[in-house]
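Trainee: Encoded as structure tokens, here's the structure I'll be asking about.
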Protein chains: 2
Amino acid sequence: MDLELVTIGTELLLGFTVDTNSAFLGQALAAAGARITRRTSVPDDAEAVGTALREALARSRFVITTGGLGPTRDDLTKHAVAGLFGLPLDFHQDIWDDLAARWSRMGRKIGERNRGQAEVPRGALVLSNRWGTAPGLWISGEPGEVILLPGVPTEMRGLVTHEVVPRLAARGGTRVIRSLTVRTTGIPESTLADRVSDIEEALAPLTLAYLPGLEGVDLRLTAWDSDPRAADVALQAAADRLAKRLGDHAYGGEDADLAAVLLDVCKARELTISVAESCTGGLVGARITAVPGSSAVFAGGMICYDDALKRELGVPGRILEEQGAVSEGTVRAMALAARARYGTSLAAAVSGIAGPDGGSEAKPVGMVWFAFADRQGVDSERYIFPGSRGDIRARAAQHVLLGLLRRAREPSALSPQPSVADG
Amino acid sequence: MDLELVTIGTELLLGFTVDTNSAFLGQALAAAGARITRRTSVPDDAEAVGTALREALARSRFVITTGGLGPTRDDLTKHAVAGLFGLPLDFHQDIWDDLAARWSRMGRKIGERNRGQAEVPRGALVLSNRWGTAPGLWISGEPGEVILLPGVPTEMRGLVTHEVVPRLAARGGTRVIRSLTVRTTGIPESTLADRVSDIEEALAPLTLAYLPGLEGVDLRLTAWDSDPRAADVALQAAADRLAKRLGDHAYGGEDADLAAVLLDVCKARELTISVAESCTGGLVGARITAVPGSSAVFAGGMICYDDALKRELGVPGRILEEQGAVSEGTVRAMALAARARYGTSLAAAVSGIAGPDGGSEAKPVGMVWFAFADRQGVDSERYIFPGSRGDIRARAAQHVLLGLLRRAREPSALSPQPSVADG
């Protein structure tokens, strides 16, 4: 079933309200087998609402609206739809009694100006709103079907979940939309596309979307199928093919967090972690400790933002003077010192030029050095990341997590924890 | 100036992506005197994109699109617009060279797959994208003007702010919407409303919105006026009244960041800062170092997540055993030890139960201890914050910044920096 969405509210267009309703509706309707083919947002204006509805009904038999149903908006949407369908408004005593009782429970007396909320276009199905005052309405006739929902998120969600989705599903939604995500990191979008192009070409009827972000590129597979089980099997097979091809760049599905994946691997292998952060200034620790239960693996570490603190941690003054704070020598010394001082299986160090100032030809903004110490010793990597200060720091933190994950998976990681003398 | 917005992406309709771009565009364009009269979202489908653009251009001379400009095969906006305007695509060697240079700076070689990104509809204005790879495009002719922007939020925002808004503003608008925000922290929404109720009653025709978030409650004043200067004067007067009433709970306007305010005060007074973080795990350091130039004030500190690291920092084992890791004694010792070890004017310590597990009757989830050390000694505070693990950590980090700001403003903060013996 295809349908269009019309969201009504001047504040949506002015940008004062982020349209989270649309995201909720997209997911809830897809799960019920209905696909939103277009979404239109218009201001609280009778003519704009009427035009958008008329156009939507000319393209699609089915339209859902949100907003413009409360007492403060003059029931704009209801009048527009009643007008389009040529229906008179009837006063419903039972709705009025419900409204009066609700007001009474709040210790107030309902006023005549709320009378319009008890009016319903003739023949419309009234969707009881237990989460607020304005009921939803389901109007069928010519030129189609329109479901009117309030714009208040809790009310809209309650009505969709309990009144709309069950009725849509009962019509035997013919096709369902299912999707599966493969999260990737440490590989640019176009390299990724080259690497999986043969898989992508053989995917049809599944579709693949590339969703780049600061943590990497998410690959979202989507299936449209009359059989949800067949869709899930096809999606899982495709996701497995992609993940296998991408190796450790693919770290999980939909809601996977690289920090949580790292912690799971470390827990299973009884490894502990510490960090020494310069340019990320605590961001790596914040990412790791955002995960509940991280204390079983993460000891902590040092934010050695100032060079004096790098020295205090154990970076030789000679290295700082000769190579600078953003250098291979410095991060290697940081990682070794953190591992020794905090007695962890693994330690990561990061130092870079996050910008916007402080770059040079030899050390441009975005250049970040990483080091990872384990029982075998220490190794180091250098990357140049694009974007703003925030982007560079977020990408650097993500890369620390990827580097730690790679080391945690190595056979050599499985070893007794070091004593201070190992450093 | 009226315009329409067309946002392109199957993800938007499926609800996998919340459309924050639209909110940003609404605000940025309103500030430039341009009003969005309608917003249409369509999937990544050539026909749907073409139809939506044709319809939008039939209603409005001016259309902005987001999405569908990247290197992967789900991108198609440029071809749809070129088709509508009847323009051939020209390969631009300079764009290609820029792209190749950008790849090269990141140590990679650009591939043929990216060639399409250097193609431009004939005669279009190229909007240089310093935040990513796909340039924006501004196409004028019959049937109107279309501005094509990438869908990646950081790139879209950069292009709107630096390339689109200045050009639109130069064309002049009639009635403008202006708004001004007073950011507050450390005071609950209802207390805030009580405290400013008399000011709020006298505000009309300005409106006041309360916008609660994890960093505090933002107060947004809005004015609609044909005279931008008159609107700005009225807004500023109202904002000043609110800020004066709220004292140090009001810390700045629109984009104010409490960390940046703290750093400015410290720079002016030549104060330095270190931290010792337990439950926030690096979040305070991350907040501070997100601000460019923070290295002049922020030395760094320790993430002592594990008790062993609290001991290593200098918390006596006796205190940890008798009072526990989340206790007044522990945070006081952490703050004093950090100040002494890192030699800063001020030091903050934080330890709490972020949840979801680990709470008890005496120490419930959300309970957080804070300590702030300066030349005079150390003092401590306890709060119980509501919300999820993430909420509690964000509120705790914000409270550390507020506590440091209060101490930085005290006359006693102006003092020589301590030697290690002070601790």
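Within each chain, counting starts at residue 1; across the structure tokens, chains are named A, B, ... in the order shown, with ligands numbered 1 upward in that order.
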With a distance threshold of 7 Å and counting only C-alpha atoms, extract the residues of chain B near chain A and express them as a PyMOL selection string.
Mentor: chain B and resi 12-20+22-27+30+36-43+71-72+74+106+131+280-283+285-286+289-290+292+295+299-306+309+342+356+390
Trainee: Just the number, please: Cα RMSD of chain A on chain B after least-squares superposition over all C-alpha atoms matched in order.
Mentor: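 Between these identical-sequence chains, the C-alpha RMSD is 6.1 Å.
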Trainee: Near Ala325 in chain B, within 8 Å and counting only C-alpha atoms, which residues show up once chain neighbours fewer than 5 positions away are dropped, as a PyMOL selection string?
Mentor: chain B and resi 307+320+330+351
Trainee: The selected residues should be written to file as a compact mmCIF listing (two decimals), in the first residue's frame (atoms: C-alpha atoms).
Mentor:
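The result, stored in selection.txt:
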```txt
# COMPACT_ATOMS: atom_id res chain seq x y z
CA ASP B 307 39.46 2.59 41.48
CA LEU B 320 37.81 4.47 48.91
CA THR B 330 36.73 10.54 47.08
CA SER B 351 32.20 10.66 40.45
```
Trainee: Residues of range 55-281 of chain B classed as helix (DSSP H, G or I) by DSSP on the backbone are to be reported as a count of residues only.
Mentor: 100
Trainee: Env of Phe62 in chain B: 7 Å cut, atoms = only C-alpha atoms, seq-sep filter 3 positions within chain, self excluded. Answer as a count of residues only.
Mentor: 6
Trainee: Identify, with DSSP run on backbone atoms, the residues in range 131-190 of chain A assigned to strand (DSSP E), and express the list as a list in words.
Mentor: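 Checking each residue of range 131-190 of chain A, the strand (DSSP E) ones are Gly136, Leu137, Trp138, Ile139, Ser140, Glu145, Val146, Ile147, Leu148, Leu149, Val176, Ile177, Arg178, Ser179, Leu180, Thr181, Val182, Arg183 and Thr184 of chain A.
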